[in-house]
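Undergrad: My file is data.pdb. It has PDB, C-alpha atoms:
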```pdb
ATOM      1  CA  MET T  12     158.472 151.120 119.507
ATOM      2  CA  GLN T  13     156.866 148.608 121.858
ATOM      3  CA  ALA T  14     153.753 146.880 120.519
ATOM      4  CA  ALA T  15     151.693 144.241 122.299
ATOM      5  CA  VAL T  16     148.975 141.808 121.274
ATOM      6  CA  ILE T  17     146.600 140.770 124.047
ATOM      7  CA  VAL T  18     145.754 137.064 123.952
ATOM      8  CA  PHE T  19     142.530 135.876 125.555
ATOM      9  CA  PRO T  20     141.414 132.260 125.776
ATOM     10  CA  GLY T  21     139.547 131.935 122.462
ATOM     11  CA  SER T  22     141.481 134.626 120.565
ATOM     12  CA  ASN T  23     142.273 133.271 117.107
ATOM     13  CA  CYS T  24     143.700 136.200 115.143
ATOM     14  CA  ASP T  25     146.509 137.034 117.559
ATOM     15  CA  ARG T  26     149.284 135.431 115.521
ATOM     16  CA  ASP T  27     148.091 136.974 112.244
ATOM     17  CA  VAL T  28     148.155 140.395 113.911
ATOM     18  CA  ALA T  29     151.626 139.654 115.311
ATOM     19  CA  VAL T  30     152.905 138.922 111.784
ATOM     20  CA  CYS T  31     151.505 142.268 110.558
ATOM     21  CA  LEU T  32     152.984 144.166 113.492
ATOM     22  CA  GLU T  33     156.388 142.551 113.039
ATOM     23  CA  ALA T  34     156.315 143.469 109.340
ATOM     24  CA  ALA T  35     155.442 147.070 110.227
ATOM     25  CA  THR T  36     157.731 147.630 113.223
ATOM     26  CA  GLY T  37     160.632 145.273 112.437
ATOM     27  CA  GLN T  38     160.313 143.481 115.755
ATOM     28  CA  ALA T  39     158.037 140.840 117.163
ATOM     29  CA  PRO T  40     155.338 142.298 119.440
ATOM     30  CA  LEU T  41     154.905 141.300 123.035
ATOM     31  CA  MET T  42     152.196 138.640 123.387
ATOM     32  CA  ALA T  43     150.373 139.370 126.658
ATOM     33  CA  TRP T  44     148.125 136.759 128.298
ATOM     34  CA  HIS T  45     144.696 137.737 129.652
ATOM     35  CA  GLY T  46     145.542 136.691 133.201
ATOM     36  CA  ASP T  47     148.629 138.904 133.464
ATOM     37  CA  ALA T  48     148.085 141.723 135.917
ATOM     38  CA  ASN T  49     151.096 143.646 134.586
ATOM     39  CA  LEU T  50     151.870 144.902 131.117
ATOM     40  CA  PRO T  51     155.180 146.612 130.284
ATOM     41  CA  LYS T  52     154.684 150.140 128.984
ATOM     42  CA  CYS T  53     153.491 149.925 125.368
ATOM     43  CA  ASP T  54     153.110 152.467 122.575
ATOM     44  CA  LEU T  55     150.602 150.303 120.718
ATOM     45  CA  ILE T  56     148.226 147.614 121.973
ATOM     46  CA  VAL T  57     146.125 145.414 119.686
ATOM     47  CA  LEU T  58     143.116 143.421 120.846
ATOM     48  CA  PRO T  59     142.747 140.704 118.206
ATOM     49  CA  GLY T  60     139.731 138.928 116.795
ATOM     50  CA  GLY T  61     138.383 135.607 117.988
ATOM     51  CA  PHE T  62     135.892 134.330 120.523
ATOM     52  CA  SER T  63     137.322 135.415 123.873
ATOM     53  CA  TYR T  64     135.930 133.313 126.725
ATOM     54  CA  GLY T  65     133.665 131.535 124.250
ATOM     55  CA  ASP T  66     131.559 134.705 123.833
ATOM     56  CA  TYR T  67     129.971 133.870 127.201
ATOM     57  CA  LEU T  68     127.313 136.296 128.497
ATOM     58  CA  ARG T  69     127.955 138.878 125.724
ATOM     59  CA  CYS T  70     130.773 139.025 123.189
ATOM     60  CA  GLY T  71     133.749 140.690 124.836
ATOM     61  CA  SER T  72     132.139 141.116 128.254
ATOM     62  CA  MET T  73     134.323 138.571 130.058
ATOM     63  CA  ALA T  74     137.512 139.777 128.374
ATOM     64  CA  ALA T  75     136.653 143.370 129.292
ATOM     65  CA  ASN T  76     136.831 142.357 132.942
ATOM     66  CA  SER T  77     140.031 140.286 132.748
ATOM     67  CA  PRO T  78     143.128 141.366 134.741
ATOM     68  CA  ILE T  79     145.123 142.479 131.674
ATOM     69  CA  MET T  80     142.353 144.863 130.580
ATOM     70  CA  ARG T  81     142.817 147.016 133.689
ATOM     71  CA  GLU T  82     146.360 147.593 132.416
ATOM     72  CA  VAL T  83     145.195 148.189 128.842
ATOM     73  CA  VAL T  84     142.618 150.763 129.968
ATOM     74  CA  ALA T  85     145.167 152.478 132.226
ATOM     75  CA  GLN T  86     147.744 152.694 129.418
ATOM     76  CA  ALA T  87     145.083 153.862 126.954
ATOM     77  CA  HIS T  88     144.244 156.726 129.328
ATOM     78  CA  LYS T  89     147.944 157.589 129.444
ATOM     79  CA  GLY T  90     148.201 157.873 125.664
ATOM     80  CA  ALA T  91     148.927 154.404 124.258
ATOM     81  CA  ALA T  92     147.366 153.722 120.846
ATOM     82  CA  VAL T  93     144.844 150.870 120.935
ATOM     83  CA  LEU T  94     143.328 148.950 118.019
ATOM     84  CA  GLY T  95     140.490 146.481 118.587
ATOM     85  CA  ILE T  96     139.665 144.211 115.676
ATOM     86  CA  CYS T  97     136.356 142.299 115.545
ATOM     87  CA  ASN T  98     136.146 140.653 118.982
ATOM     88  CA  GLY T  99     138.701 143.266 120.056
ATOM     89  CA  PHE T 100     136.212 146.007 119.040
ATOM     90  CA  GLN T 101     133.557 144.248 121.132
ATOM     91  CA  VAL T 102     135.976 144.239 124.081
ATOM     92  CA  LEU T 103     136.666 147.985 123.629
ATOM     93  CA  THR T 104     132.947 148.812 123.803
ATOM     94  CA  GLU T 105     132.375 146.489 126.765
ATOM     95  CA  CYS T 106     135.243 148.046 128.755
ATOM     96  CA  GLY T 107     134.053 151.563 127.988
ATOM     97  CA  LEU T 108     137.008 152.792 125.906
ATOM     98  CA  LEU T 109     134.614 153.199 122.958
ATOM     99  CA  PRO T 110     130.851 153.906 123.059
ATOM    100  CA  GLY T 111     128.030 151.717 121.775
ATOM    101  CA  VAL T 112     127.689 147.973 121.439
ATOM    102  CA  LEU T 113     128.051 145.298 118.753
ATOM    103  CA  MET T 114     124.781 143.399 118.501
ATOM    104  CA  GLN T 115     123.885 140.236 116.646
ATOM    105  CA  ASN T 116     123.864 140.631 112.861
ATOM    106  CA  LYS T 117     120.492 141.742 111.567
ATOM    107  CA  GLY T 118     120.253 138.720 109.237
ATOM    108  CA  LEU T 119     121.020 136.265 112.102
ATOM    109  CA  ASN T 120     123.855 134.736 110.061
ATOM    110  CA  PHE T 121     127.597 134.615 110.624
ATOM    111  CA  VAL T 122     128.973 136.708 107.756
ATOM    112  CA  CYS T 123     132.419 135.869 106.368
ATOM    113  CA  ARG T 124     133.279 137.737 103.168
ATOM    114  CA  ASN T 125     135.114 140.709 101.734
ATOM    115  CA  THR T 126     133.471 144.060 102.320
ATOM    116  CA  GLN T 127     133.941 147.352 100.528
ATOM    117  CA  LEU T 128     134.823 150.040 103.035
ATOM    118  CA  THR T 129     134.994 153.802 102.790
ATOM    119  CA  VAL T 130     137.689 155.531 104.837
ATOM    120  CA  THR T 131     135.370 158.093 106.390
ATOM    121  CA  ASN T 132     138.056 159.687 108.564
ATOM    122  CA  ASN T 133     141.694 159.415 107.530
ATOM    123  CA  THR T 134     142.981 161.502 110.420
ATOM    124  CA  THR T 135     142.919 158.789 113.089
ATOM    125  CA  ALA T 136     146.231 157.315 114.195
ATOM    126  CA  PHE T 137     145.445 154.135 112.246
ATOM    127  CA  THR T 138     143.944 155.459 108.997
ATOM    128  CA  SER T 139     146.390 158.232 108.083
ATOM    129  CA  LEU T 140     147.925 156.373 105.128
ATOM    130  CA  TYR T 141     144.554 156.080 103.376
ATOM    131  CA  GLY T 142     143.035 158.825 101.286
ATOM    132  CA  ALA T 143     139.954 160.640 102.589
ATOM    133  CA  GLY T 144     136.957 158.757 101.223
ATOM    134  CA  GLU T 145     139.186 156.053  99.731
ATOM    135  CA  GLU T 146     137.422 152.759  99.011
ATOM    136  CA  ILE T 147     139.252 149.692 100.293
ATOM    137  CA  THR T 148     138.492 145.979 100.494
ATOM    138  CA  ILE T 149     138.846 144.223 103.853
ATOM    139  CA  PRO T 150     137.057 141.030 104.944
ATOM    140  CA  VAL T 151     134.650 140.663 107.849
ATOM    141  CA  ALA T 152     133.979 137.443 109.778
ATOM    142  CA  HIS T 153     131.501 137.865 112.600
ATOM    143  CA  ASN T 154     128.101 137.062 114.040
ATOM    144  CA  GLU T 155     127.864 140.152 116.268
ATOM    145  CA  GLY T 156     128.999 143.148 114.257
ATOM    146  CA  ASN T 157     125.829 145.179 114.167
ATOM    147  CA  TYR T 158     126.976 148.479 115.654
ATOM    148  CA  PHE T 159     124.316 150.113 117.802
ATOM    149  CA  ALA T 160     124.288 153.245 119.932
ATOM    150  CA  ASP T 161     121.581 155.670 121.013
ATOM    151  CA  ASP T 162     120.775 158.620 118.758
ATOM    152  CA  HIS T 163     122.687 161.050 120.944
ATOM    153  CA  THR T 164     125.878 158.949 120.726
ATOM    154  CA  LEU T 165     125.506 158.441 116.971
ATOM    155  CA  LYS T 166     125.131 162.184 116.457
ATOM    156  CA  GLN T 167     128.171 162.797 118.643
ATOM    157  CA  LEU T 168     130.228 160.297 116.601
ATOM    158  CA  GLN T 169     129.216 162.112 113.423
ATOM    159  CA  ASP T 170     129.716 165.628 114.802
ATOM    160  CA  GLU T 171     133.157 164.757 116.189
ATOM    161  CA  ASP T 172     134.178 162.948 112.997
ATOM    162  CA  ARG T 173     134.758 159.714 114.871
ATOM    163  CA  ILE T 174     133.388 157.280 112.288
ATOM    164  CA  ALA T 175     136.705 156.019 110.886
ATOM    165  CA  LEU T 176     135.418 153.366 108.491
ATOM    166  CA  SER T 177     131.996 152.806 106.918
ATOM    167  CA  TYR T 178     130.644 149.981 104.820
ATOM    168  CA  ALA T 179     130.252 151.225 101.260
ATOM    169  CA  LYS T 180     126.683 151.998 100.222
ATOM    170  CA  GLY T 181     124.721 148.766  99.800
ATOM    171  CA  ASP T 182     127.468 146.623 101.362
ATOM    172  CA  ASN T 183     126.470 146.743 105.039
ATOM    173  CA  PRO T 184     126.811 143.074 106.111
ATOM    174  CA  ASN T 185     125.201 143.282 109.548
ATOM    175  CA  GLY T 186     122.680 146.123 109.835
ATOM    176  CA  ALA T 187     125.072 148.463 111.672
ATOM    177  CA  CYS T 188     123.734 151.961 112.415
ATOM    178  CA  LEU T 189     124.990 154.547 109.878
ATOM    179  CA  ASP T 190     126.863 151.709 108.071
ATOM    180  CA  ILE T 191     129.525 151.966 110.789
ATOM    181  CA  ALA T 192     132.445 149.541 110.374
ATOM    182  CA  GLY T 193     134.888 151.278 112.710
ATOM    183  CA  ILE T 194     134.984 154.207 115.139
ATOM    184  CA  SER T 195     137.575 156.051 117.168
ATOM    185  CA  ASP T 196     137.714 157.852 120.489
ATOM    186  CA  ALA T 197     137.873 161.654 120.511
ATOM    187  CA  SER T 198     141.686 161.655 120.225
ATOM    188  CA  GLY T 199     141.772 159.227 117.255
ATOM    189  CA  ARG T 200     144.279 157.021 119.091
ATOM    190  CA  ILE T 201     141.782 154.326 120.062
ATOM    191  CA  VAL T 202     140.089 152.604 117.136
ATOM    192  CA  GLY T 203     137.695 149.670 117.020
ATOM    193  CA  MET T 204     136.695 147.998 113.750
ATOM    194  CA  MET T 205     134.804 144.876 112.745
ATOM    195  CA  PRO T 206     136.711 144.112 109.492
ATOM    196  CA  HIS T 207     140.018 142.241 109.737
ATOM    197  CA  PRO T 208     142.919 144.255 108.216
ATOM    198  CA  GLU T 209     145.363 141.469 109.160
ATOM    199  CA  ARG T 210     143.523 139.099 106.810
ATOM    200  CA  ARG T 211     144.266 141.262 103.806
ATOM    201  CA  ALA T 212     147.730 142.580 104.503
ATOM    202  CA  GLU T 213     149.804 141.049 101.700
ATOM    203  CA  ALA T 214     149.245 140.187  98.056
ATOM    204  CA  ALA T 215     149.295 136.439  98.797
ATOM    205  CA  LEU T 216     146.098 136.929 100.821
ATOM    206  CA  GLY T 217     144.287 138.426  97.831
ATOM    207  CA  GLY T 218     145.175 142.049  98.516
ATOM    208  CA  ASP T 219     147.015 144.317 100.906
ATOM    209  CA  ASP T 220     144.527 147.072 101.728
ATOM    210  CA  GLY T 221     144.825 146.174 105.423
ATOM    211  CA  LYS T 222     148.568 146.654 105.538
ATOM    212  CA  ARG T 223     148.427 150.462 105.738
ATOM    213  CA  MET T 224     146.468 150.178 108.992
ATOM    214  CA  PHE T 225     149.626 148.804 110.635
ATOM    215  CA  SER T 226     152.235 150.837 108.758
ATOM    216  CA  GLY T 227     150.074 153.929 109.382
ATOM    217  CA  ILE T 228     150.095 153.566 113.137
ATOM    218  CA  VAL T 229     153.846 152.917 113.152
ATOM    219  CA  GLU T 230     154.382 156.104 111.136
ATOM    220  CA  ALA T 231     152.026 158.048 113.397
ATOM    221  CA  LEU T 232     153.889 156.916 116.517
ATOM    222  CA  SER T 233     157.423 157.438 115.253
TER     223      SER T 233
ATOM    224  CA  MET L  15     118.952 134.774 149.360
ATOM    225  CA  LYS L  16     118.151 133.732 145.857
ATOM    226  CA  ALA L  17     118.031 136.290 143.074
ATOM    227  CA  THR L  18     116.436 135.882 139.679
ATOM    228  CA  ILE L  19     117.526 138.515 137.210
ATOM    229  CA  HIS L  20     115.672 139.098 133.966
ATOM    230  CA  ILE L  21     117.685 140.851 131.285
ATOM    231  CA  THR L  22     115.699 142.177 128.361
ATOM    232  CA  LEU L  23     116.415 144.331 125.346
ATOM    233  CA  LYS L  24     115.261 147.916 125.687
ATOM    234  CA  ASN L  25     112.270 149.063 123.701
ATOM    235  CA  GLY L  26     113.274 150.114 120.226
ATOM    236  CA  VAL L  27     116.354 147.880 120.116
ATOM    237  CA  LEU L  28     116.072 145.450 117.230
ATOM    238  CA  ASP L  29     115.736 141.829 118.370
ATOM    239  CA  PRO L  30     116.335 139.608 115.321
ATOM    240  CA  GLN L  31     116.078 136.392 117.372
ATOM    241  CA  GLY L  32     112.733 137.433 118.826
ATOM    242  CA  LYS L  33     111.565 138.268 115.305
ATOM    243  CA  ALA L  34     112.644 134.819 114.040
ATOM    244  CA  ILE L  35     110.805 133.106 116.917
ATOM    245  CA  GLU L  36     107.726 135.208 116.188
ATOM    246  CA  ASN L  37     107.821 134.135 112.528
ATOM    247  CA  ALA L  38     108.344 130.475 113.490
ATOM    248  CA  LEU L  39     105.338 130.583 115.835
ATOM    249  CA  GLY L  40     103.296 131.988 112.969
ATOM    250  CA  SER L  41     104.393 129.234 110.615
ATOM    251  CA  LEU L  42     103.440 126.622 113.259
ATOM    252  CA  GLY L  43      99.922 128.005 113.128
ATOM    253  CA  PHE L  44      99.912 129.990 116.389
ATOM    254  CA  GLY L  45      97.825 133.024 115.598
ATOM    255  CA  GLY L  46      97.431 136.220 117.581
ATOM    256  CA  VAL L  47     101.129 136.635 118.470
ATOM    257  CA  ASP L  48     101.771 140.360 118.310
ATOM    258  CA  GLU L  49     105.439 140.370 119.261
ATOM    259  CA  VAL L  50     108.174 138.131 120.713
ATOM    260  CA  ARG L  51     111.213 139.521 122.515
ATOM    261  CA  GLN L  52     113.997 137.245 123.728
ATOM    262  CA  GLY L  53     116.053 137.910 126.845
ATOM    263  CA  LYS L  54     118.178 136.176 129.476
ATOM    264  CA  LEU L  55     117.493 134.832 132.935
ATOM    265  CA  ILE L  56     120.343 134.637 135.448
ATOM    266  CA  GLU L  57     120.001 133.018 138.893
ATOM    267  CA  VAL L  58     122.372 134.048 141.657
ATOM    268  CA  ASN L  59     122.522 132.500 145.134
ATOM    269  CA  LEU L  60     123.841 134.931 147.728
ATOM    270  CA  SER L  61     124.994 134.338 151.288
ATOM    271  CA  GLU L  62     123.606 137.797 152.169
ATOM    272  CA  ASN L  63     120.323 137.616 154.082
ATOM    273  CA  ASP L  64     119.491 141.314 154.137
ATOM    274  CA  ALA L  65     117.267 142.031 151.147
ATOM    275  CA  GLU L  66     118.265 145.667 150.880
ATOM    276  CA  LYS L  67     122.006 144.899 150.886
ATOM    277  CA  ALA L  68     121.489 142.013 148.467
ATOM    278  CA  ARG L  69     119.609 144.256 146.060
ATOM    279  CA  ALA L  70     122.332 146.890 146.194
ATOM    280  CA  THR L  71     125.010 144.272 145.425
ATOM    281  CA  LEU L  72     122.961 142.769 142.601
ATOM    282  CA  THR L  73     122.319 146.187 141.079
ATOM    283  CA  ASP L  74     126.079 146.785 141.087
ATOM    284  CA  MET L  75     126.598 143.360 139.449
ATOM    285  CA  CYS L  76     124.075 144.205 136.726
ATOM    286  CA  GLU L  77     125.610 147.607 136.027
ATOM    287  CA  LYS L  78     129.171 146.275 135.898
ATOM    288  CA  LEU L  79     128.758 142.933 134.149
ATOM    289  CA  LEU L  80     125.429 141.126 133.907
ATOM    290  CA  ALA L  81     123.668 143.646 131.661
ATOM    291  CA  ASN L  82     124.908 146.035 129.005
ATOM    292  CA  THR L  83     122.815 149.068 129.814
ATOM    293  CA  VAL L  84     123.362 150.555 126.361
ATOM    294  CA  ILE L  85     120.836 148.064 125.015
ATOM    295  CA  GLU L  86     119.507 146.062 127.976
ATOM    296  CA  ASN L  87     117.246 146.552 130.987
ATOM    297  CA  TYR L  88     117.472 144.371 134.073
ATOM    298  CA  ASP L  89     114.891 143.395 136.647
ATOM    299  CA  ILE L  90     115.892 141.814 139.973
ATOM    300  CA  HIS L  91     113.565 139.456 141.885
ATOM    301  CA  LEU L  92     114.646 138.359 145.374
ATOM    302  CA  SER L  93     113.369 135.384 147.325
ATOM    303  CA  GLU L  94     114.415 133.338 150.350
ATOM    304  CA  ALA L  95     116.758 130.573 149.169
TER     305      ALA L  95
END
```
Show the structure stored in the file as structure tokens.
TA:
Amino acid sequence: MQAAVIVFPGSNCDRDVAVCLEAATGQAPLMAWHGDANLPKCDLIVLPGGFSYGDYLRCGSMAANSPIMREVVAQAHKGAAVLGICNGFQVLTECGLLPGVLMQNKGLNFVCRNTQLTVTNNTTAFTSLYGAGEEITIPVAHNEGNYFADDHTLKQLQDEDRIALSYAKGDNPNGACLDIAGISDASGRIVGMMPHPERRAEAALGGDDGKRMFSGIVEALS
Amino acid sequence: MKATIHITLKNGVLDPQGKAIENALGSLGFGGVDEVRQGKLIEVNLSENDAEKARATLTDMCEKLLANTVIENYDIHLSEA
């Protein structure tokens, strides 16, 4: 299975994600640079967290228009699984692979802490190893994680069961609509999430609730 | 031509920075401020001299990059450079 991590100038979770992917797949993922116009055919592509292009203009907007993203979008349309974490989620909304937008946190503060999440949909390619409605702990670290979409889009996400992860009741760190922490596309192969599963993927990090995100996608693809 | 593009949050979209500015103005003693909304101003100098063509190009720029039309409106003002 070929996995790739896209590295933008300002990405800072790329190597953590690579460690998780290597643990899950048994081989080191391809690290693809933002300026590359070509990407070998991949089964799984991860857009990591960080501050791509210094968050200029809007978070993720510059990265969404970088040469490598044309390849990512093309492969996503052909069936590759794509996971966007934090800044990667922002990139996925900016490039149109997922709807909505991540706005500044309601409280105006950068929030860096563990959050309690509910696995709202465990049928996506990334959440299949969690129980339906299971509560897990995964940290967030962001200033723009406040998920917003118009009412029509929010209703569509609910009706099509595309809210993959929600902040547990009373633990919404950013004011996100419907307590949304992560959503998927209609096929469940493309997932964007604000929390960082790679930061809680082994016991030494305080817990390993994030690990099943990576082992789940490997199982789903094999 | 010179273009000045105002990018503002759509009505109904929460603007926490605008709210904070509004509160700060209140605490400085400025009364009568009903609402503050914060946006962006982008200036673009174009070699194009035809206003209609320039506006079409700028509209395309706004749709593709400068604004996120999920939450933002844009307003293009053109003037001779």
Undergrad: If you take only C-alpha atoms and a cut-off of 12 Å, which residues of chain L touch chain T, and what are their nearest atom pairs and distances in Å to one decimal, in chain and number order, as JSON lines?
TA:
```
{"residue": "L:Ile21", "atom": "CA", "partner": "T:Leu68", "partner_atom": "CA", "distance": 11.0}
{"residue": "L:Leu23", "atom": "CA", "partner": "T:Met114", "partner_atom": "CA", "distance": 10.8}
{"residue": "L:Lys24", "atom": "CA", "partner": "T:Asp161", "partner_atom": "CA", "distance": 11.0}
{"residue": "L:Asn25", "atom": "CA", "partner": "T:Asp161", "partner_atom": "CA", "distance": 11.7}
{"residue": "L:Gly26", "atom": "CA", "partner": "T:Asp161", "partner_atom": "CA", "distance": 10.0}
{"residue": "L:Val27", "atom": "CA", "partner": "T:Phe159", "partner_atom": "CA", "distance": 8.6}
{"residue": "L:Leu28", "atom": "CA", "partner": "T:Lys117", "partner_atom": "CA", "distance": 8.1}
{"residue": "L:Asp29", "atom": "CA", "partner": "T:Lys117", "partner_atom": "CA", "distance": 8.3}
{"residue": "L:Pro30", "atom": "CA", "partner": "T:Lys117", "partner_atom": "CA", "distance": 6.0}
{"residue": "L:Gln31", "atom": "CA", "partner": "T:Leu119", "partner_atom": "CA", "distance": 7.2}
{"residue": "L:Gly32", "atom": "CA", "partner": "T:Leu119", "partner_atom": "CA", "distance": 10.7}
{"residue": "L:Lys33", "atom": "CA", "partner": "T:Leu119", "partner_atom": "CA", "distance": 10.2}
{"residue": "L:Ala34", "atom": "CA", "partner": "T:Leu119", "partner_atom": "CA", "distance": 8.7}
{"residue": "L:Ile35", "atom": "CA", "partner": "T:Leu119", "partner_atom": "CA", "distance": 11.7}
{"residue": "L:Gly53", "atom": "CA", "partner": "T:Leu68", "partner_atom": "CA", "distance": 11.5}
{"residue": "L:Lys54", "atom": "CA", "partner": "T:Leu68", "partner_atom": "CA", "distance": 9.2}
{"residue": "L:Leu55", "atom": "CA", "partner": "T:Leu68", "partner_atom": "CA", "distance": 10.9}
{"residue": "L:Ile56", "atom": "CA", "partner": "T:Leu68", "partner_atom": "CA", "distance": 10.0}
{"residue": "L:Cys76", "atom": "CA", "partner": "T:Leu68", "partner_atom": "CA", "distance": 11.9}
{"residue": "L:Glu77", "atom": "CA", "partner": "T:Glu105", "partner_atom": "CA", "distance": 11.5}
{"residue": "L:Lys78", "atom": "CA", "partner": "T:Asn76", "partner_atom": "CA", "distance": 9.1}
{"residue": "L:Leu79", "atom": "CA", "partner": "T:Ser72", "partner_atom": "CA", "distance": 7.0}
{"residue": "L:Leu80", "atom": "CA", "partner": "T:Leu68", "partner_atom": "CA", "distance": 7.5}
{"residue": "L:Ala81", "atom": "CA", "partner": "T:Arg69", "partner_atom": "CA", "distance": 8.7}
{"residue": "L:Asn82", "atom": "CA", "partner": "T:Glu105", "partner_atom": "CA", "distance": 7.8}
{"residue": "L:Thr83", "atom": "CA", "partner": "T:Val112", "partner_atom": "CA", "distance": 9.8}
{"residue": "L:Val84", "atom": "CA", "partner": "T:Gly111", "partner_atom": "CA", "distance": 6.6}
{"residue": "L:Ile85", "atom": "CA", "partner": "T:Val112", "partner_atom": "CA", "distance": 7.7}
{"residue": "L:Glu86", "atom": "CA", "partner": "T:Val112", "partner_atom": "CA", "distance": 10.6}
```
Undergrad: Calculate how many Å separate atom CA of T:Gln169 from atom CA of T:Met205, rounding to one decimal.
TA: 18.1 Å
Undergrad: Do you know which residues the PyMOL selection byres ((chain T and resi 178) around 10) returns on this file, as a list of chain:residue names?
TA: T:Thr126, T:Gln127, T:Leu128, T:Thr129, T:Val130, T:Thr131, T:Glu146, T:Ile147, T:Thr148, T:Leu176, T:Ser177, T:Ala179, T:Lys180, T:Gly181, T:Asp182, T:Asn183, T:Pro184, T:Asn185, T:Ala187, T:Leu189, T:Asp190, T:Ile191, T:Ala192, T:Gly193, T:Pro206
Undergrad: So which residues get picked by the PyMOL selection byres ((chain L and resi 57) around 7) here, written as a PyMOL selection string?
TA: chain L and resi 17-19+55-56+58-59
Undergrad: Env of T:Leu94: 7 Å cut, atoms = only C-alpha atoms, seq-sep filter 2 positions within chain, self excluded. Answer as a list in words.
TA: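 Selected residues are Ile56, Val57, Leu58, Ala92, Ile96, Ile201, Val202 and Gly203 of chain T.
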Undergrad: Using C-alpha atoms, can you export the residues from the last selection as an mmCIF file, in the coordinates of the input?
TA:
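The result, written out as selection_2.cif:
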```
data_model
loop_
_atom_site.group_PDB
_atom_site.id
_atom_site.type_symbol
_atom_site.label_atom_id
_atom_site.label_comp_id
_atom_site.auth_asym_id
_atom_site.auth_seq_id
_atom_site.Cartn_x
_atom_site.Cartn_y
_atom_site.Cartn_z
ATOM 1 C CA ILE T 56 148.226 147.614 121.973
ATOM 2 C CA VAL T 57 146.125 145.414 119.686
ATOM 3 C CA LEU T 58 143.116 143.421 120.846
ATOM 4 C CA ALA T 92 147.366 153.722 120.846
ATOM 5 C CA ILE T 96 139.665 144.211 115.676
ATOM 6 C CA ILE T 201 141.782 154.326 120.062
ATOM 7 C CA VAL T 202 140.089 152.604 117.136
ATOM 8 C CA GLY T 203 137.695 149.670 117.020
#
```
Undergrad: Which is closest to L:Ile90 among L:Glu36, L:Asp64, L:Glu49, L:Asp74, if we use only C-alpha atoms?
TA: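 Smallest separation from L:Ile90 among the options: L:Asp74.
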Undergrad: Rounded to one decimal in Å, what is the spacing between atom CA of T:Glu145 and atom CA of T:Gln167?
TA: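 So the two atoms, atom CA of T:Glu145 and atom CA of T:Gln167, lie 22.9 Å apart.
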Undergrad: What's the 8 Å shell around T:Val28, counting all atoms listed in the file, without same-chain residues fewer than 5 positions away, as a ChimeraX atom specification?
TA: /T:16,57,59,209
Undergrad: Considering only C-alpha atoms, state which residue in the set T:Phe137, T:Phe121, T:Tyr67, T:Phe19 is at the smallest distance from T:Met80.
TA: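 Distance minimum relative to T:Met80 lands on T:Phe19.
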Undergrad: Quick one: 6 Å padding each side, axis-aligned, all listed atoms of stretch 57-73 of chain L - centre and edge lengths in Å to one decimal, as lines of an AutoDock Vina configuration file?
TA:
```
center_x = 121.1
center_y = 139.7
center_z = 146.5
size_x = 19.7
size_y = 26.4
size_z = 27.2
```
Undergrad: Distance atom CA of L:Leu60-atom CA of L:Lys16, one decimal place?
TA: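 Straight-line distance from atom CA of L:Leu60 to atom CA of L:Lys16 works out to 6.1 Å.
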Undergrad: Using only C-alpha atoms, determine which residues lie at most 8 Å from T:Ser63, disregarding the query and same-chain residues fewer than 5 positions distant; provide the list as a PyMOL selection string.
TA: chain T and resi 19-22+70-71+73-74+98
Undergrad: Restricting it to C-alpha atoms, dump the selection as a PDB file, keeping the file's coordinate frame.
TA:
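Result went into selection.pdb, see below:
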```
ATOM      1  CA  PHE T  19     142.530 135.876 125.555  1.00  0.00           C
ATOM      2  CA  PRO T  20     141.414 132.260 125.776  1.00  0.00           C
ATOM      3  CA  GLY T  21     139.547 131.935 122.462  1.00  0.00           C
ATOM      4  CA  SER T  22     141.481 134.626 120.565  1.00  0.00           C
ATOM      5  CA  CYS T  70     130.773 139.025 123.189  1.00  0.00           C
ATOM      6  CA  GLY T  71     133.749 140.690 124.836  1.00  0.00           C
ATOM      7  CA  MET T  73     134.323 138.571 130.058  1.00  0.00           C
ATOM      8  CA  ALA T  74     137.512 139.777 128.374  1.00  0.00           C
ATOM      9  CA  ASN T  98     136.146 140.653 118.982  1.00  0.00           C
TER      10      ASN T  98
END
```
Undergrad: Go through T:Met42, T:Ala15, T:Met204, T:Ala175 one by one, measure the shortest atom-to-atom distance of each to T:Gly156 using only C-alpha atoms, and give the residue with the smallest value.
TA: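 That would be T:Met204, the residue with the smallest distance to T:Gly156.
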Undergrad: Leaving out T:Gly90 and any residue of its chain fewer than 4 positions from it, which residues lie within 9 Å of it when counting all atoms listed in the file, given as a PyMOL selection string?
TA: chain T and resi 54+86+200
Undergrad: For a quick check of your reading of the model, name the residues lying within 8 Å of the coordinate (133.3, 137.6, 103.9), counting all atoms listed in the file, and write them as a PyMOL selection string.
TA: chain T and resi 122-126+150-152
Undergrad: Go ahead and write the selection's residues with C-alpha atoms as a PDB file, keeping the file's coordinate frame.
TA:
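Full text of selection27.pdb as output:
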```
ATOM      1  CA  VAL T 122     128.973 136.708 107.756  1.00  0.00           C
ATOM      2  CA  CYS T 123     132.419 135.869 106.368  1.00  0.00           C
ATOM      3  CA  ARG T 124     133.279 137.737 103.168  1.00  0.00           C
ATOM      4  CA  ASN T 125     135.114 140.709 101.734  1.00  0.00           C
ATOM      5  CA  THR T 126     133.471 144.060 102.320  1.00  0.00           C
ATOM      6  CA  PRO T 150     137.057 141.030 104.944  1.00  0.00           C
ATOM      7  CA  VAL T 151     134.650 140.663 107.849  1.00  0.00           C
ATOM      8  CA  ALA T 152     133.979 137.443 109.778  1.00  0.00           C
TER       9      ALA T 152
END
```
Undergrad: Neighbours of T:His88 within 12 Å (all atoms listed in the file; same-chain residues fewer than 3 positions away dropped), as a PyMOL selection string?
TA: chain T and resi 54+81-85+91-93+107-108+196-198+200-201
Undergrad: For the file shown, what are the residues hit by the PyMOL selection byres ((chain T and resi 230) around 12), laid out as a PyMOL selection string?
TA: chain T and resi 12+35-36+55+135-140+223-229+231-233
